[in-house]
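Only one structure is covered here, and it is reproduced in the block below.
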Amino acid sequence: MTKILYPFIFAAMATAMAANAAGYSALAVSGSAVEEGGDFAMTRIASDASKPAKFVAYLQLNPGTFTLKGTTTGNASVNLGAGNTGEVLADNGTPISVETRQLVRLTLDGADNSLEILPLESLGLKGSIVPDGISLDYAGRGVWRKTVTLDRELDNHDYPAHYFYFLFNNDENLAVKRHPGKPDVNMPSHGFPVENIRLNQGTYDITLDMSDHTFAIDGEIDPWRVSVFGSSVANGSGATSLEGYAYLYGQQLRQRHADGLSPNPFFTSGVSIGGNSTNSLLNRYDDLLHNFSNYVIIGLSLGNEGIHDNANPEAVFNGFRDNMLTLIERMRADGKTPVVVNNYTRTDYNDRDYSYIKQMNMLIHQWDVPSFNSLGAIDDGAGHWAESYIADSAHPNTRGHNEFMYAFVPSLFDALEAGKPLPERDLAKETALADGETLTLAPEGKVHPFTVCVRVKGSDAGNLLSFTHGAGSRPFTGSVAVNTDGTVTYSSPLKQPVTTIDAVMADGEWHDIALSHYFARGCTILYVDGVEAGSVDERLTLGNITFGDNTSASLPSRQFSEITFWRAGMTPEEMTAHHEGKMLKSSLEIYSPVEITGGTIANLAQSTNRITVDNSASLTGIDSDTTPFYIETGKGLATVFMPAGSNETVYSIDGRLVATVSGNPSGTPVALPAGIYIIRHRKFTIL
């Protein structure tokens with residue numbers, strides 16, 4: 001069968017019949033040639049309401065005859081067939097004869113009432129992710145479907161560059177694409193605004209239903225895929241090769257699994273597009289559904305909503321808030337677990353913009369959803385990117401994207417997979433650390449920005465907390481300590497100490513003492529009860545944190561109520577809110593109401609990390625030398641860094657001597673079976 005046109009021969013007849021066609025409300029293909037018998041409805045296509053519509057049908061015709069049955073807008077019945085000459089469609093005309101079985105597209109053009117019969121030889125898939133030779137099978141009644149693997153690799157992390165579309169007869173004039181963001185399809189040649197169908201690589205059941213001009217993509221939910229659904233920063237803009245925070249976090253998740261730190265092979269998969277707002281994500285929500293993940297990171301900010309210099313910032317703020325809550329609710333209804341990246345900086349923000357960013361982040365902290373504090377990664381303190389972390393006004397560079405990633409809790413998705421709930425504040429717990437008893441926190445992975453806060457009371461002089469800075473042969477120690485007069489001093493491992501003016505701890509009441517470090521900005525701030533008490537310009541590489549004091553000769557006793565550790569710097573507003581009792585969850589790795597039960601302390605934050613209890617001071621035979629040392633652990637191995645000429649002894653948790661270590665500033669390796677060990681009151685774990 002070849003392409004057949006039934007044009008009108010006579011101008012007068014053409015005018016009359018065109019008027020009729022433009023007035024049809026419905027048409028169907030009817031007759032013995034129609035597959036499976038019965039009528040086959042045609043689809044009305046009208047891209048321009050001022051022009052006559054076309055009616056199309058995609059179906060299989062068998063040997064036999066057919067006519068087009070329908071109704072006019074005036075509700076009159078029509079039965080169109082060939083005219084007297086065999087070339088003209090006319091009401092009550094002769095049924096059109098079909099001699100050969102063939103898939104076809106029938107098009108009745110309302111402009112001239114001509115009928116086109118186009119043979120359909122194939123329906124293929126084309127696009128950046130489609131290997132050569134992929135086609136769909138005809139399933140009947142205008143439907144094509146097949147399970148296909150779309151796995152062509154791209155040297156490109158740009159999500160919009162991952163796409164496919166349908167193509168009849170391998171003819172670009174017969175391409176079928178979707179209406180923007182919708183499950184409806186049409187041909188660009190029909191005059192509709194259409195776009196490629198965005199999709200990441202994978203195996204899918206793909207269906208094209210031309211009886212109603214829709215498509216469907218079905219696939220297996222990958223329990224380990226974390227979709228990143230957002231705008232340009234989430235898509236990696238500003239980073240080399242678009243390898244931004246989403247890509248970097250995905251690499252970290254994969255490495256944790258490879259290193260045995262996570263039982264779950266999580267990975268990230270981008271579905272982000274530059275310039276998107278909350279409305280954009282709602283409009284293209286199908287993109288997320290087609291990524292087939294259990295988990296979603298939402299990466300947006302008020303910048304794309306138009307907050308900067310907006311005449312009605314409250315409306316922008318409220319719209320962002322409401323749309324974000326709608327997205328979260330919709331994802332949960334679809335069985336997904338959402339995680340939110342909070343608002344970040346921009347070079348052009350003014351004080352008013354910055355205020356709204358901080359207000360929104362305060363809301364996100366307290367929503368019933370996990371979140372990451374991106375503002376606490378590279379804020380310069382005034383709502384702008386920190387110097388040297390800028391790609392352009394709206395985007396961080398690769399270094400900036402790395403800082404974002406450091407603010408992400410590495411084991412968050414492990415905790416979510418285990419069903420760990422969101423934490424709630426508990427101010428009722430308290431425990432006295434005395435006789436050299438300490439608590440130790442080893443943060444997960446590399447730390448740049450951070451905030452650590454302890455809720456304590458007790459005026460004894462000595463350390464509230466101490467931490468290591470640096471690694472290898474140059475570990476240094478910083479500390480926050482109570483002085484004999486009740487003042488508090490932050491002793492930087494790099495700079496001069498900062499001491500509070502007031503004798504904070506002398507009143508015997510509970511106090512929140514915090515250090516907040518912005519690595520990118522190069523600043524550490526000491527907070528007391530939510531108020532800045534001083535700051536130091538420095539960049540720290542955080543090691544382990546010890547709470548309590550096992551170095552002071554007087555072995556002070558102090559009550560600890562809470563220990564909180566965020567992987568982000570915190571604004572003054574956030575520190576005040578924490579002091580006032582609010583639960584701030586963004587980038588929260590540790591939240592521990594201090595109650596030691598069975599030798600352990602709970603971590604309520606959504607991470608799998610924990611604080612360890614070190615009560616080894618009561619064990620006999622432990623070397624109490626105060627020579628500085630630093631430990632790095634790996635699989636079956638500990639490396640101890642100490643000055644030359646010094647020695648340390650290693651004990652098992654039950655007090656047995658297992659090794660003696662000679663000092664070496666470049667590190668002394670010690671092979672050890674998996675377990676918990678002690679060097680001079682400090683516990684460490686070998687996997």
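Naming scheme: A, B, ... for chains in displayed order of the structure tokens; residues 1 onward per chain; ligands 1 onward as shown.
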
Quick one: residues within 9 Å of region 331-337 of chain A, only C-alpha atoms counted, chain neighbours fewer than 2 positions away excluded, as a ChimeraX atom specification? /A:289,293-297,326-329,339,369,416

Would you pick out the contacts of Leu123 (chain A) at 12 Å or less, using only C-alpha atoms, so that residues sharing its chain but fewer than 5 positions from it are not included, and give the list as a PyMOL selection string? chain A and resi 58+103-104+133-139+142-146+165-172+174-176+206-210

Strand (DSSP E) residues, from DSSP on the backbone, in region 166-353 of chain A, as an MDAnalysis selection string: chainID A and resid 166:168 175:178 185:186 197:198 202:209 214:218 222:230 267:270 293:299 337:341

Taking 6 positions as the minimum chain separation for residues in the same chain, which residues sit within 8 Å of region 90-100 of chain A when counting only C-alpha atoms? Answer as a PyMOL selection string. chain A and resi 1+17+33+61-67+78-84

I'd like the neighbourhood of Asp353 (chain A) as a PyMOL selection string, where a residue qualifies if any of its atoms comes within 8 Å (using only C-alpha atoms), though same-chain residues fewer than 2 positions away should be ignored. chain A and resi 307-309+349-351+355-357+383

Those same residues, written as a PDB file, in the first residue's frame with N, CA and C atoms?
```pdb
ATOM      1  N   ILE A 307      13.473  35.965  44.593  1.00  0.00           N
ATOM      2  CA  ILE A 307      13.447  36.706  45.863  1.00  0.00           C
ATOM      3  C   ILE A 307      14.249  37.995  45.790  1.00  0.00           C
ATOM      4  N   HIS A 308      15.314  38.019  44.967  1.00  0.00           N
ATOM      5  CA  HIS A 308      16.214  39.170  44.956  1.00  0.00           C
ATOM      6  C   HIS A 308      15.502  40.415  44.433  1.00  0.00           C
ATOM      7  N   ASP A 309      15.474  41.445  45.256  1.00  0.00           N
ATOM      8  CA  ASP A 309      14.887  42.745  44.891  1.00  0.00           C
ATOM      9  C   ASP A 309      13.424  42.639  44.466  1.00  0.00           C
ATOM     10  N   TYR A 349      22.947  38.822  46.531  1.00  0.00           N
ATOM     11  CA  TYR A 349      21.982  38.970  47.622  1.00  0.00           C
ATOM     12  C   TYR A 349      22.308  40.195  48.479  1.00  0.00           C
ATOM     13  N   ASN A 350      21.252  40.886  48.886  1.00  0.00           N
ATOM     14  CA  ASN A 350      21.402  41.981  49.842  1.00  0.00           C
ATOM     15  C   ASN A 350      20.934  41.511  51.224  1.00  0.00           C
ATOM     16  N   ASP A 351      20.945  42.424  52.184  1.00  0.00           N
ATOM     17  CA  ASP A 351      20.600  42.047  53.559  1.00  0.00           C
ATOM     18  C   ASP A 351      19.183  41.500  53.658  1.00  0.00           C
ATOM     19  N   SER A 355      18.121  37.756  54.844  1.00  0.00           N
ATOM     20  CA  SER A 355      17.190  37.537  55.942  1.00  0.00           C
ATOM     21  C   SER A 355      16.139  36.498  55.575  1.00  0.00           C
ATOM     22  N   TYR A 356      15.603  36.580  54.351  1.00  0.00           N
ATOM     23  CA  TYR A 356      14.596  35.607  53.937  1.00  0.00           C
ATOM     24  C   TYR A 356      15.204  34.219  53.777  1.00  0.00           C
ATOM     25  N   ILE A 357      16.436  34.152  53.277  1.00  0.00           N
ATOM     26  CA  ILE A 357      17.107  32.852  53.154  1.00  0.00           C
ATOM     27  C   ILE A 357      17.228  32.198  54.530  1.00  0.00           C
ATOM     28  N   GLY A 383      25.518  36.324  53.322  1.00  0.00           N
ATOM     29  CA  GLY A 383      24.651  35.771  52.293  1.00  0.00           C
ATOM     30  C   GLY A 383      25.283  35.647  50.933  1.00  0.00           C
TER      31      GLY A 383
END
```

Using only C-alpha atoms, which protein or nucleic acid residues come within 6 Å of region 445-452 of chain A? Drop anything in the same chain fewer than 3 positions from it, and give the result as a PyMOL selection string. chain A and resi 377+514-519+542+564-569

Take the selection from the previous step and output its residues with all heavy atoms, as a short mmCIF file (atom, residue, chain, number, x, y, z; two decimals), in the first residue's frame.
```
data_model
loop_
_atom_site.label_atom_id
_atom_site.label_comp_id
_atom_site.auth_asym_id
_atom_site.auth_seq_id
_atom_site.Cartn_x
_atom_site.Cartn_y
_atom_site.Cartn_z
N ALA A 377 27.73 25.92 54.60
CA ALA A 377 28.94 25.41 53.95
C ALA A 377 29.82 26.53 53.44
O ALA A 377 31.02 26.56 53.73
CB ALA A 377 28.56 24.46 52.81
N ALA A 514 29.32 26.37 72.37
CA ALA A 514 29.42 25.84 71.01
C ALA A 514 30.60 26.45 70.27
O ALA A 514 30.97 27.61 70.49
CB ALA A 514 28.14 26.12 70.23
N LEU A 515 31.17 25.65 69.38
CA LEU A 515 32.13 26.12 68.38
C LEU A 515 31.50 25.93 67.01
O LEU A 515 31.03 24.83 66.69
CB LEU A 515 33.43 25.32 68.43
CG LEU A 515 34.48 25.65 69.47
CD1 LEU A 515 35.70 24.77 69.25
CD2 LEU A 515 34.87 27.12 69.42
N SER A 516 31.49 26.98 66.20
CA SER A 516 30.98 26.89 64.85
C SER A 516 32.09 27.28 63.88
O SER A 516 32.62 28.39 63.96
CB SER A 516 29.77 27.81 64.67
OG SER A 516 29.16 27.62 63.41
N HIS A 517 32.41 26.36 62.97
CA HIS A 517 33.55 26.58 62.07
C HIS A 517 33.10 26.63 60.62
O HIS A 517 32.46 25.69 60.11
CB HIS A 517 34.58 25.46 62.24
CG HIS A 517 35.77 25.62 61.34
ND1 HIS A 517 36.64 26.68 61.43
CD2 HIS A 517 36.23 24.85 60.30
CE1 HIS A 517 37.59 26.56 60.52
NE2 HIS A 517 37.35 25.47 59.82
N TYR A 518 33.40 27.72 59.95
CA TYR A 518 33.18 27.88 58.51
C TYR A 518 34.53 27.73 57.82
O TYR A 518 35.35 28.65 57.82
CB TYR A 518 32.60 29.25 58.20
CG TYR A 518 31.15 29.43 58.59
CD1 TYR A 518 30.80 29.81 59.88
CD2 TYR A 518 30.13 29.23 57.66
CE1 TYR A 518 29.47 29.99 60.23
CE2 TYR A 518 28.80 29.42 58.00
CZ TYR A 518 28.48 29.80 59.29
OH TYR A 518 27.16 29.98 59.64
N PHE A 519 34.77 26.56 57.23
CA PHE A 519 36.06 26.31 56.59
C PHE A 519 36.28 27.26 55.42
O PHE A 519 37.36 27.86 55.28
CB PHE A 519 36.13 24.86 56.12
CG PHE A 519 37.45 24.46 55.54
CD1 PHE A 519 38.43 23.90 56.34
CD2 PHE A 519 37.73 24.66 54.19
CE1 PHE A 519 39.66 23.53 55.80
CE2 PHE A 519 38.95 24.30 53.65
CZ PHE A 519 39.92 23.73 54.46
N LEU A 542 39.21 18.80 60.98
CA LEU A 542 38.76 18.21 62.24
C LEU A 542 39.04 16.72 62.29
O LEU A 542 38.73 15.98 61.35
CB LEU A 542 37.26 18.47 62.42
CG LEU A 542 36.63 18.02 63.74
CD1 LEU A 542 37.18 18.85 64.89
CD2 LEU A 542 35.11 18.12 63.66
N THR A 564 25.65 17.92 70.58
CA THR A 564 25.09 18.08 69.24
C THR A 564 26.22 18.40 68.28
O THR A 564 27.07 19.25 68.57
CB THR A 564 24.05 19.22 69.22
OG1 THR A 564 23.15 19.06 70.32
CG2 THR A 564 23.26 19.20 67.92
N PHE A 565 26.20 17.72 67.11
CA PHE A 565 27.24 17.94 66.11
C PHE A 565 26.59 18.06 64.75
O PHE A 565 25.93 17.13 64.27
CB PHE A 565 28.25 16.78 66.13
CG PHE A 565 29.33 16.90 65.09
CD1 PHE A 565 30.39 17.77 65.27
CD2 PHE A 565 29.29 16.15 63.92
CE1 PHE A 565 31.40 17.90 64.32
CE2 PHE A 565 30.29 16.26 62.96
CZ PHE A 565 31.34 17.14 63.17
N TRP A 566 26.76 19.23 64.13
CA TRP A 566 26.28 19.47 62.78
C TRP A 566 27.47 19.55 61.82
O TRP A 566 28.52 20.09 62.17
CB TRP A 566 25.54 20.80 62.68
CG TRP A 566 24.29 20.95 63.48
CD1 TRP A 566 23.02 20.63 63.11
CD2 TRP A 566 24.17 21.54 64.79
NE1 TRP A 566 22.12 20.96 64.08
CE2 TRP A 566 22.80 21.53 65.13
CE3 TRP A 566 25.09 22.06 65.70
CZ2 TRP A 566 22.33 22.03 66.34
CZ3 TRP A 566 24.63 22.55 66.91
CH2 TRP A 566 23.26 22.53 67.22
N ARG A 567 27.28 19.10 60.60
CA ARG A 567 28.33 19.20 59.58
C ARG A 567 28.17 20.52 58.81
O ARG A 567 28.18 20.54 57.57
CB ARG A 567 28.25 18.01 58.64
CG ARG A 567 28.43 16.67 59.31
CD ARG A 567 28.34 15.54 58.31
NE ARG A 567 29.49 15.55 57.40
CZ ARG A 567 30.63 14.90 57.61
NH1 ARG A 567 30.79 14.19 58.72
NH2 ARG A 567 31.60 14.96 56.73
N ALA A 568 28.03 21.61 59.51
CA ALA A 568 27.84 22.92 58.89
C ALA A 568 28.10 24.00 59.93
O ALA A 568 27.93 23.77 61.13
CB ALA A 568 26.41 23.06 58.36
N GLY A 569 28.53 25.16 59.43
CA GLY A 569 28.55 26.32 60.30
C GLY A 569 27.13 26.78 60.58
O GLY A 569 26.21 26.50 59.81
#
```

Calculate how many Å separate CA of Thr347 (chain A) from CA of His395 (chain A), rounding to one decimal. 8.7 Å

Which residues, written as a list in words, have at least one atom at most 7 Å from Tyr245 (chain A), with only C-alpha atoms counted and residues fewer than 3 positions away on the same chain left out?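 Those residues are Ala234, Gly236, Leu248, Tyr249, His401, Asn402, Phe404 and Met405 of chain A.
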
Keeping N, CA and C atoms, export the residues of the selection given above as an mmCIF file, in the first residue's frame.
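Listing of selection-v8.cif after writing:
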```cif
data_model
loop_
_atom_site.group_PDB
_atom_site.id
_atom_site.type_symbol
_atom_site.label_atom_id
_atom_site.label_comp_id
_atom_site.auth_asym_id
_atom_site.auth_seq_id
_atom_site.Cartn_x
_atom_site.Cartn_y
_atom_site.Cartn_z
ATOM 1 N N ALA A 234 22.078 21.965 41.773
ATOM 2 C CA ALA A 234 21.909 20.523 41.937
ATOM 3 C C ALA A 234 22.377 19.769 40.702
ATOM 4 N N GLY A 236 24.952 20.610 39.004
ATOM 5 C CA GLY A 236 26.407 20.693 38.956
ATOM 6 C C GLY A 236 26.957 21.942 38.307
ATOM 7 N N LEU A 248 29.354 14.382 43.633
ATOM 8 C CA LEU A 248 30.369 14.119 44.655
ATOM 9 C C LEU A 248 29.799 13.314 45.817
ATOM 10 N N TYR A 249 28.575 13.652 46.219
ATOM 11 C CA TYR A 249 27.947 12.885 47.301
ATOM 12 C C TYR A 249 27.690 11.445 46.848
ATOM 13 N N HIS A 401 31.273 23.348 45.482
ATOM 14 C CA HIS A 401 30.447 22.137 45.474
ATOM 15 C C HIS A 401 30.978 21.113 46.470
ATOM 16 N N ASN A 402 32.296 21.029 46.592
ATOM 17 C CA ASN A 402 32.865 20.138 47.608
ATOM 18 C C ASN A 402 32.436 20.546 49.008
ATOM 19 N N PHE A 404 29.682 22.070 49.828
ATOM 20 C CA PHE A 404 28.298 21.612 49.961
ATOM 21 C C PHE A 404 28.274 20.139 50.382
ATOM 22 N N MET A 405 29.064 19.325 49.667
ATOM 23 C CA MET A 405 29.047 17.884 49.920
ATOM 24 C C MET A 405 29.501 17.563 51.342
#
```

For Asp435 (chain A), work out the shell of residues within 8 Å, counting only C-alpha atoms and skipping chain neighbours fewer than 3 positions away, then give it as a PyMOL selection string. chain A and resi 550+555-557+617

How about saving the chosen residues, all heavy atoms kept, as a short mmCIF file (atom, residue, chain, number, x, y, z; two decimals), in the first residue's frame?
```
data_model
loop_
_atom_site.label_atom_id
_atom_site.label_comp_id
_atom_site.auth_asym_id
_atom_site.auth_seq_id
_atom_site.Cartn_x
_atom_site.Cartn_y
_atom_site.Cartn_z
N ASN A 550 40.42 14.09 80.53
CA ASN A 550 41.25 13.07 81.17
C ASN A 550 42.71 13.49 81.19
O ASN A 550 43.60 12.67 81.36
CB ASN A 550 41.09 11.71 80.49
CG ASN A 550 41.52 11.75 79.02
OD1 ASN A 550 42.05 12.74 78.54
ND2 ASN A 550 41.26 10.66 78.31
N LEU A 555 41.24 16.21 87.42
CA LEU A 555 40.16 15.39 86.89
C LEU A 555 38.79 15.98 87.26
O LEU A 555 38.10 15.48 88.14
CB LEU A 555 40.28 13.95 87.39
CG LEU A 555 41.50 13.17 86.89
CD1 LEU A 555 41.54 11.78 87.51
CD2 LEU A 555 41.48 13.05 85.38
N PRO A 556 38.39 17.05 86.59
CA PRO A 556 37.17 17.76 86.98
C PRO A 556 35.91 16.92 86.78
O PRO A 556 35.88 16.00 85.98
CB PRO A 556 37.16 18.96 86.02
CG PRO A 556 37.92 18.48 84.82
CD PRO A 556 39.00 17.60 85.38
N SER A 557 34.89 17.26 87.55
CA SER A 557 33.58 16.64 87.41
C SER A 557 32.62 17.67 86.83
O SER A 557 32.62 18.83 87.26
CB SER A 557 33.07 16.14 88.77
OG SER A 557 31.77 15.62 88.65
N ALA A 617 39.94 4.89 82.46
CA ALA A 617 40.87 5.42 83.47
C ALA A 617 40.98 4.51 84.67
O ALA A 617 41.97 4.50 85.38
CB ALA A 617 40.43 6.81 83.91
#
```

Enumerate, as an MDAnalysis selection string, the complete set of residues in region 237-332 of chain A that a backbone-based DSSP assignment places in helix (DSSP H, G or I). chainID A and resid 240:242 245:258 278:283 285:289 302:305 313:332

Residue nearest Gly381 (chain A) among A:Pro423, A:Pro572, A:Gly250, A:Gly38 (counting only C-alpha atoms):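 Answer, going by the shortest atom-to-atom distance: A:Pro572.
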